[in-house]
Structure formats: C-alpha cells, structure tokens
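The file coords_14.txt comes next; it holds compact mmCIF, N, CA and C atoms.
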```txt
# COMPACT_ATOMS: atom_id res chain seq x y z
N MET A 49 -0.96 -4.20 6.02
CA MET A 49 -0.84 -3.97 4.60
C MET A 49 -1.88 -2.93 4.18
N ILE A 50 -1.45 -1.99 3.42
CA ILE A 50 -2.34 -0.96 2.90
C ILE A 50 -2.97 -1.47 1.61
N THR A 51 -4.28 -1.33 1.52
CA THR A 51 -5.00 -1.81 0.35
C THR A 51 -5.08 -0.72 -0.71
N ASP A 52 -5.43 -1.14 -1.94
CA ASP A 52 -5.60 -0.17 -3.02
C ASP A 52 -6.72 0.81 -2.70
N SER A 53 -7.78 0.33 -2.05
CA SER A 53 -8.89 1.24 -1.73
C SER A 53 -8.45 2.30 -0.71
N GLU A 54 -7.57 1.92 0.23
CA GLU A 54 -7.04 2.91 1.18
C GLU A 54 -6.20 3.96 0.46
N ARG A 55 -5.41 3.50 -0.52
CA ARG A 55 -4.61 4.44 -1.31
C ARG A 55 -5.52 5.39 -2.08
N GLN A 56 -6.54 4.85 -2.73
CA GLN A 56 -7.46 5.67 -3.50
C GLN A 56 -8.19 6.67 -2.61
N GLU A 57 -8.59 6.24 -1.44
CA GLU A 57 -9.27 7.14 -0.50
C GLU A 57 -8.35 8.27 -0.07
N ALA A 58 -7.09 7.94 0.22
CA ALA A 58 -6.13 8.98 0.62
C ALA A 58 -5.90 9.98 -0.51
N VAL A 59 -5.80 9.49 -1.73
CA VAL A 59 -5.62 10.38 -2.89
C VAL A 59 -6.83 11.30 -3.05
N GLU A 60 -8.02 10.74 -2.95
CA GLU A 60 -9.23 11.56 -3.06
C GLU A 60 -9.27 12.63 -1.97
N ASN A 61 -8.93 12.24 -0.75
CA ASN A 61 -8.94 13.20 0.36
C ASN A 61 -7.88 14.28 0.18
N LEU A 62 -6.71 13.91 -0.34
CA LEU A 62 -5.67 14.92 -0.59
C LEU A 62 -6.10 15.89 -1.68
N ARG A 63 -6.77 15.37 -2.72
CA ARG A 63 -7.26 16.26 -3.79
C ARG A 63 -8.32 17.22 -3.25
N ILE A 64 -9.21 16.71 -2.43
CA ILE A 64 -10.21 17.59 -1.81
C ILE A 64 -9.53 18.64 -0.95
N LEU A 65 -8.52 18.21 -0.20
CA LEU A 65 -7.76 19.12 0.64
C LEU A 65 -7.12 20.21 -0.19
N SER A 66 -6.57 19.84 -1.35
CA SER A 66 -5.90 20.83 -2.19
C SER A 66 -6.89 21.77 -2.87
N ASP A 67 -8.10 21.32 -3.11
CA ASP A 67 -9.09 22.14 -3.80
C ASP A 67 -9.82 23.12 -2.88
N TYR A 68 -10.05 22.71 -1.64
CA TYR A 68 -10.95 23.48 -0.80
C TYR A 68 -10.31 24.15 0.42
N ASN A 69 -9.04 23.95 0.63
CA ASN A 69 -8.40 24.54 1.81
C ASN A 69 -7.26 25.46 1.40
N ARG A 70 -7.18 26.56 2.06
CA ARG A 70 -6.07 27.48 1.88
C ARG A 70 -5.32 27.53 3.21
N VAL A 71 -4.23 26.80 3.27
CA VAL A 71 -3.47 26.66 4.51
C VAL A 71 -2.54 27.86 4.65
N ARG A 72 -2.54 28.45 5.83
CA ARG A 72 -1.70 29.61 6.08
C ARG A 72 -0.56 29.32 7.04
N TYR A 73 -0.71 28.32 7.88
CA TYR A 73 0.28 28.04 8.91
C TYR A 73 0.71 26.58 8.83
N LYS A 74 1.98 26.32 9.14
CA LYS A 74 2.47 24.95 9.07
C LYS A 74 1.76 24.03 10.05
N GLU A 75 1.35 24.53 11.19
CA GLU A 75 0.61 23.70 12.14
C GLU A 75 -0.74 23.28 11.55
N GLU A 76 -1.37 24.21 10.85
CA GLU A 76 -2.64 23.91 10.21
C GLU A 76 -2.44 22.87 9.10
N PHE A 77 -1.35 23.02 8.35
CA PHE A 77 -1.02 22.05 7.30
C PHE A 77 -0.84 20.66 7.91
N TYR A 78 -0.07 20.59 8.99
CA TYR A 78 0.17 19.30 9.62
C TYR A 78 -1.14 18.68 10.11
N ASP A 79 -1.98 19.46 10.75
CA ASP A 79 -3.25 18.94 11.26
C ASP A 79 -4.12 18.40 10.13
N LEU A 80 -4.20 19.14 9.03
CA LEU A 80 -5.01 18.69 7.90
C LEU A 80 -4.43 17.43 7.26
N LEU A 81 -3.10 17.39 7.14
CA LEU A 81 -2.45 16.21 6.57
C LEU A 81 -2.66 14.99 7.48
N ASP A 82 -2.52 15.18 8.75
CA ASP A 82 -2.75 14.12 9.73
C ASP A 82 -4.16 13.57 9.59
N GLU A 83 -5.14 14.44 9.53
CA GLU A 83 -6.54 14.01 9.41
C GLU A 83 -6.80 13.30 8.10
N THR A 84 -6.05 13.66 7.07
CA THR A 84 -6.29 13.12 5.74
C THR A 84 -5.71 11.74 5.53
N VAL A 85 -4.52 11.47 6.05
CA VAL A 85 -3.86 10.21 5.74
C VAL A 85 -3.83 9.20 6.88
N MET A 86 -4.08 9.60 8.10
CA MET A 86 -3.99 8.67 9.22
C MET A 86 -5.34 8.05 9.55
N GLU A 87 -5.29 6.97 10.30
CA GLU A 87 -6.51 6.32 10.76
C GLU A 87 -7.27 7.31 11.65
N PRO A 88 -8.57 7.43 11.47
CA PRO A 88 -9.31 8.50 12.15
C PRO A 88 -9.43 8.40 13.67
N ASP A 89 -9.48 7.22 14.22
CA ASP A 89 -9.80 7.08 15.64
C ASP A 89 -8.59 6.78 16.54
N ILE A 90 -7.41 7.05 16.05
CA ILE A 90 -6.23 6.71 16.84
C ILE A 90 -5.79 7.85 17.74
N GLY A 91 -6.12 9.07 17.41
CA GLY A 91 -5.73 10.20 18.24
C GLY A 91 -4.53 10.94 17.68
N TYR A 92 -3.72 11.48 18.58
CA TYR A 92 -2.57 12.29 18.18
C TYR A 92 -1.50 11.43 17.51
N HIS A 93 -0.87 11.98 16.48
CA HIS A 93 0.20 11.28 15.78
C HIS A 93 1.44 12.16 15.73
N GLU A 94 2.59 11.56 15.95
CA GLU A 94 3.85 12.26 15.75
C GLU A 94 4.02 12.49 14.25
N MET A 95 4.77 13.52 13.90
CA MET A 95 4.99 13.82 12.49
C MET A 95 5.67 12.64 11.77
N ASN A 96 6.58 11.94 12.45
CA ASN A 96 7.24 10.79 11.83
C ASN A 96 6.23 9.70 11.47
N ASP A 97 5.18 9.53 12.28
CA ASP A 97 4.14 8.56 11.97
C ASP A 97 3.39 8.95 10.69
N VAL A 98 3.13 10.23 10.55
CA VAL A 98 2.45 10.72 9.34
C VAL A 98 3.33 10.51 8.12
N PHE A 99 4.63 10.81 8.25
CA PHE A 99 5.56 10.60 7.13
C PHE A 99 5.63 9.13 6.74
N GLU A 100 5.66 8.26 7.75
CA GLU A 100 5.72 6.82 7.48
C GLU A 100 4.46 6.35 6.76
N ARG A 101 3.32 6.86 7.19
CA ARG A 101 2.05 6.48 6.55
C ARG A 101 2.02 6.95 5.10
N ILE A 102 2.50 8.16 4.84
CA ILE A 102 2.55 8.67 3.46
C ILE A 102 3.47 7.79 2.62
N ALA A 103 4.63 7.43 3.16
CA ALA A 103 5.55 6.56 2.43
C ALA A 103 4.90 5.20 2.14
N ASP A 104 4.16 4.65 3.11
CA ASP A 104 3.48 3.37 2.89
C ASP A 104 2.40 3.49 1.82
N LEU A 105 1.72 4.62 1.78
CA LEU A 105 0.69 4.84 0.76
C LEU A 105 1.31 4.94 -0.64
N ILE A 106 2.49 5.51 -0.72
CA ILE A 106 3.15 5.69 -2.01
C ILE A 106 3.83 4.41 -2.48
N ASP A 107 4.50 3.72 -1.57
CA ASP A 107 5.34 2.58 -1.92
C ASP A 107 4.52 1.30 -1.96
N ILE A 108 4.23 0.82 -3.15
CA ILE A 108 3.51 -0.44 -3.31
C ILE A 108 4.55 -1.55 -3.29
N PRO A 109 4.42 -2.51 -2.37
CA PRO A 109 5.43 -3.57 -2.28
C PRO A 109 5.45 -4.43 -3.55
N THR A 110 6.63 -4.94 -3.86
CA THR A 110 6.79 -5.84 -5.00
C THR A 110 7.35 -7.17 -4.50
N CYS A 111 7.22 -8.19 -5.33
CA CYS A 111 7.74 -9.50 -4.98
C CYS A 111 8.10 -10.26 -6.24
N VAL A 112 8.79 -11.36 -6.05
CA VAL A 112 9.09 -12.31 -7.11
C VAL A 112 8.49 -13.64 -6.67
N MET A 113 7.78 -14.30 -7.56
CA MET A 113 7.24 -15.63 -7.28
C MET A 113 8.26 -16.66 -7.75
N THR A 114 8.77 -17.43 -6.80
CA THR A 114 9.81 -18.42 -7.08
C THR A 114 9.23 -19.81 -6.98
N ASN A 115 9.48 -20.62 -7.99
CA ASN A 115 9.02 -22.01 -7.97
C ASN A 115 9.87 -22.78 -6.97
N VAL A 116 9.23 -23.25 -5.91
CA VAL A 116 9.95 -23.95 -4.84
C VAL A 116 9.64 -25.44 -4.79
N GLY A 117 8.92 -25.95 -5.78
CA GLY A 117 8.58 -27.38 -5.78
C GLY A 117 7.59 -27.68 -4.70
N GLY A 118 8.06 -28.01 -3.55
CA GLY A 118 7.18 -28.24 -2.40
C GLY A 118 6.31 -29.46 -2.56
N ASP A 119 5.14 -29.44 -1.91
CA ASP A 119 4.22 -30.57 -1.91
C ASP A 119 3.50 -30.73 -3.25
N PHE A 120 3.45 -29.66 -4.03
CA PHE A 120 2.73 -29.68 -5.29
C PHE A 120 3.73 -29.49 -6.44
N GLU A 121 3.28 -29.81 -7.64
CA GLU A 121 4.15 -29.68 -8.80
C GLU A 121 4.55 -28.23 -9.04
N ASN A 122 3.64 -27.33 -8.86
CA ASN A 122 3.92 -25.92 -9.11
C ASN A 122 3.68 -25.09 -7.86
N SER A 123 4.50 -25.26 -6.86
CA SER A 123 4.41 -24.45 -5.65
C SER A 123 5.31 -23.24 -5.82
N PHE A 124 4.73 -22.08 -5.59
CA PHE A 124 5.47 -20.83 -5.71
C PHE A 124 5.47 -20.12 -4.37
N GLN A 125 6.56 -19.40 -4.12
CA GLN A 125 6.70 -18.66 -2.87
C GLN A 125 6.90 -17.19 -3.17
N CYS A 126 6.17 -16.35 -2.44
CA CYS A 126 6.28 -14.90 -2.56
C CYS A 126 7.53 -14.43 -1.79
N SER A 127 8.34 -13.62 -2.44
CA SER A 127 9.56 -13.13 -1.78
C SER A 127 9.26 -12.04 -0.75
N ASN A 128 8.06 -11.48 -0.76
CA ASN A 128 7.71 -10.43 0.19
C ASN A 128 7.18 -11.00 1.50
N CYS A 129 6.18 -11.88 1.43
CA CYS A 129 5.57 -12.42 2.65
C CYS A 129 5.99 -13.86 2.94
N MET A 130 6.70 -14.48 2.00
CA MET A 130 7.21 -15.84 2.12
C MET A 130 6.09 -16.89 2.17
N SER A 131 4.89 -16.52 1.77
CA SER A 131 3.79 -17.49 1.70
C SER A 131 3.99 -18.37 0.48
N GLU A 132 3.54 -19.61 0.59
CA GLU A 132 3.69 -20.57 -0.49
C GLU A 132 2.31 -20.93 -1.04
N PHE A 133 2.23 -21.03 -2.37
CA PHE A 133 0.94 -21.26 -3.03
C PHE A 133 1.07 -22.35 -4.07
N ASP A 134 0.01 -23.14 -4.24
CA ASP A 134 -0.08 -24.09 -5.33
C ASP A 134 -0.69 -23.35 -6.51
N MET A 135 0.09 -23.15 -7.55
CA MET A 135 -0.36 -22.40 -8.72
C MET A 135 -0.10 -23.23 -9.98
N PRO A 136 -0.98 -24.19 -10.29
CA PRO A 136 -0.73 -25.08 -11.43
C PRO A 136 -0.65 -24.36 -12.77
N ASP A 137 -1.36 -23.28 -12.96
CA ASP A 137 -1.35 -22.57 -14.24
C ASP A 137 -0.54 -21.29 -14.21
N TYR A 138 0.35 -21.16 -13.24
CA TYR A 138 1.09 -19.89 -13.09
C TYR A 138 1.93 -19.56 -14.33
N ASP A 139 2.50 -20.58 -14.99
CA ASP A 139 3.31 -20.33 -16.18
C ASP A 139 2.48 -19.72 -17.31
N ARG A 140 1.24 -20.15 -17.45
CA ARG A 140 0.37 -19.62 -18.51
C ARG A 140 -0.38 -18.37 -18.07
N TYR A 141 -0.79 -18.33 -16.80
CA TYR A 141 -1.58 -17.22 -16.28
C TYR A 141 -0.93 -16.68 -15.00
N PRO A 142 0.16 -15.96 -15.14
CA PRO A 142 0.85 -15.48 -13.92
C PRO A 142 0.00 -14.48 -13.14
N TYR A 143 0.14 -14.54 -11.84
CA TYR A 143 -0.57 -13.60 -10.97
C TYR A 143 0.03 -12.21 -11.12
N LYS A 144 -0.80 -11.21 -11.03
CA LYS A 144 -0.31 -9.83 -11.04
C LYS A 144 0.06 -9.38 -9.62
N ARG A 145 -0.60 -10.01 -8.63
CA ARG A 145 -0.34 -9.68 -7.23
C ARG A 145 -0.32 -10.96 -6.40
N CYS A 146 0.42 -10.90 -5.31
CA CYS A 146 0.45 -12.03 -4.38
C CYS A 146 -0.93 -12.17 -3.74
N PRO A 147 -1.50 -13.37 -3.73
CA PRO A 147 -2.82 -13.55 -3.12
C PRO A 147 -2.85 -13.28 -1.62
N GLU A 148 -1.71 -13.36 -0.95
CA GLU A 148 -1.66 -13.18 0.50
C GLU A 148 -1.39 -11.73 0.90
N CYS A 149 -0.31 -11.15 0.40
CA CYS A 149 0.11 -9.81 0.87
C CYS A 149 -0.23 -8.69 -0.11
N GLY A 150 -0.61 -9.02 -1.34
CA GLY A 150 -0.99 -7.99 -2.30
C GLY A 150 0.17 -7.34 -3.02
N ALA A 151 1.40 -7.82 -2.80
CA ALA A 151 2.56 -7.24 -3.46
C ALA A 151 2.45 -7.46 -4.97
N VAL A 152 2.90 -6.49 -5.75
CA VAL A 152 2.89 -6.59 -7.20
C VAL A 152 4.00 -7.56 -7.61
N VAL A 153 3.63 -8.56 -8.42
CA VAL A 153 4.60 -9.57 -8.85
C VAL A 153 5.40 -9.00 -10.02
N ILE A 154 6.72 -9.05 -9.88
CA ILE A 154 7.61 -8.60 -10.95
C ILE A 154 8.43 -9.79 -11.44
N ASP A 155 8.99 -9.67 -12.62
CA ASP A 155 9.84 -10.74 -13.15
C ASP A 155 11.13 -10.81 -12.37
N ALA A 156 11.66 -12.01 -12.27
CA ALA A 156 12.92 -12.20 -11.55
C ALA A 156 14.11 -11.67 -12.34
N ASP A 157 13.94 -11.50 -13.64
CA ASP A 157 15.07 -11.04 -14.49
C ASP A 157 15.41 -9.63 -14.25
```
Let me see whether you can do it: turn the structure in this file into structure tokens.
Amino acid sequence: MITDSERQEAVENLRILSDYNRVRYKEEFYDLLDETVMEPDIGYHEMNDVFERIADLIDIPTCVMTNVGGDFENSFQCSNCMSEFDMPDYDRYPYKRCPECGAVVIDAD
C-alpha cells in the first residue's frame, strides 16, 4: 500500500525535476522518472513497472464500510481489504479512511 507521505514525496520530487532539469532525450527522461518515482535500492526497472508505480501513486483506493453485525453490535467490513472492525460510534463519527488499508471511505449510495 502506498502511503500519503510516499505520494507527497513523489510529488515534491517531480516538481523539483520539472524545475531544475531540462531533458533532451527520451532515455534521459525515463531515467529521471525512474529515479523519481521508484524505490531507490531496487535497481533497474522496466518501463511498465514505472507506469504501474505512477498509476498507484495517482489512484487512491476507495472502499465502502458495510455493517456486517459479527461478534460486536457495530462490526463493519472494508470492501477493499475485507478487514472487519468494531466501530461502536461509526454512525456518529464515520471513518474517513480504513484503519487497515488506508482506502478512502465513500458512501454506499
């Protein structure tokens, strides 16, 4: 799961890249993009891996919290990670994100 801090770091690095680099060749562009968005110590990356990482940075997962009853009066299940949580005050104080996977909670409607 990509965290918000990883997203923010990638955005900052891309802005620095856009401000301070004048890319002349597509190979140079790819190398700079690879260095900016990928994990630093993994080594060479295929272009598809870089594209997938960019898509993951852009696409914040969403979920719906469904009341499943369960062992507790207010057990809710995340539709993204399928984790189940006891949330007694969820009706009054709904979560903005899943505590387990970090997906943004949206209304079921």
Self-check item: Residues of chain A in strand (DSSP E), written as a PyMOL selection string
Solution: chain A and resi 110-111+113-117+123-126+132-134+152-153
request  = Considering all atoms listed in the file, return as a count of residues only whatever protein or nucleic-acid residues lie within 6.5 Å of Lys144 (chain A), sequence-local ones (same chain, fewer than 4 positions apart) excluded.
outcome  = 3
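For the choices A:Arg72, A:Arg145, A:His93, A:Arg140, the atom-to-atom distance to Pro109 (chain A) is smallest for A:Arg145 when using only C-alpha atoms.
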| message | For region 110-113 of chain A, find every residue with an atom within 6.5 Å (counting all atoms listed in the file), except residues of its own chain fewer than 5 positions away, and show them as a PyMOL selection string. | response | chain A and resi 124-128+151-156
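We find CA of Val98 (chain A) and CA of Val85 (chain A) to be spaced 7.3 Å apart.
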To test your reading of the structure, identify every residue in chain A that backbone DSSP assigns to alpha helix (DSSP H), and report it as a PyMOL selection string. chain A and resi 52-68+74-85+95-106
To one decimal place in Å, what is the distance between atom C of Glu60 (chain A) and CA of Glu148 (chain A)?
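Calculated distance between atom C of Glu60 (chain A) and CA of Glu148 (chain A) is 27.0 Å.
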- Message: Quick check, in Å to one decimal: how far apart do atom N of Met95 (chain A) and atom N of Gly150 (chain A) lie?
- Response: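 Going from atom N of Met95 (chain A) over to atom N of Gly150 (chain A), I get 27.7 Å.
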Taking all atoms of region 98-103 of chain A that the file lists, what box with edges along x, y and z, padded by 3 Å per side, do you get, with centre and edge lengths in Å to one decimal, as JSON?
```
{"center_x": 3.9, "center_y": 8.0, "center_z": 6.3, "size_x": 9.7, "size_y": 11.6, "size_z": 14.4}
```
task = Tell me, as a PyMOL selection string, which residues lie within 6.5 Å of region 49-59 of chain A, counting all atoms listed in the file; anything in the same chain fewer than 3 positions away does not count.
result = chain A and resi 62-64+84-85+105
Check the smallest atom-to-atom distance from each of A:Cys149, A:Val71, A:Tyr143, A:Asn115 to Met130 (chain A) using all atoms listed in the file, then report the winner.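 With all atoms listed in the file as the atom set, the closest residue is A:Cys149.
Using only C-alpha atoms for every distance, the candidate list A:Val116, A:Met135, A:Leu81, A:Ile106 yields A:Leu81 as the residue closest to Glu94 (chain A).
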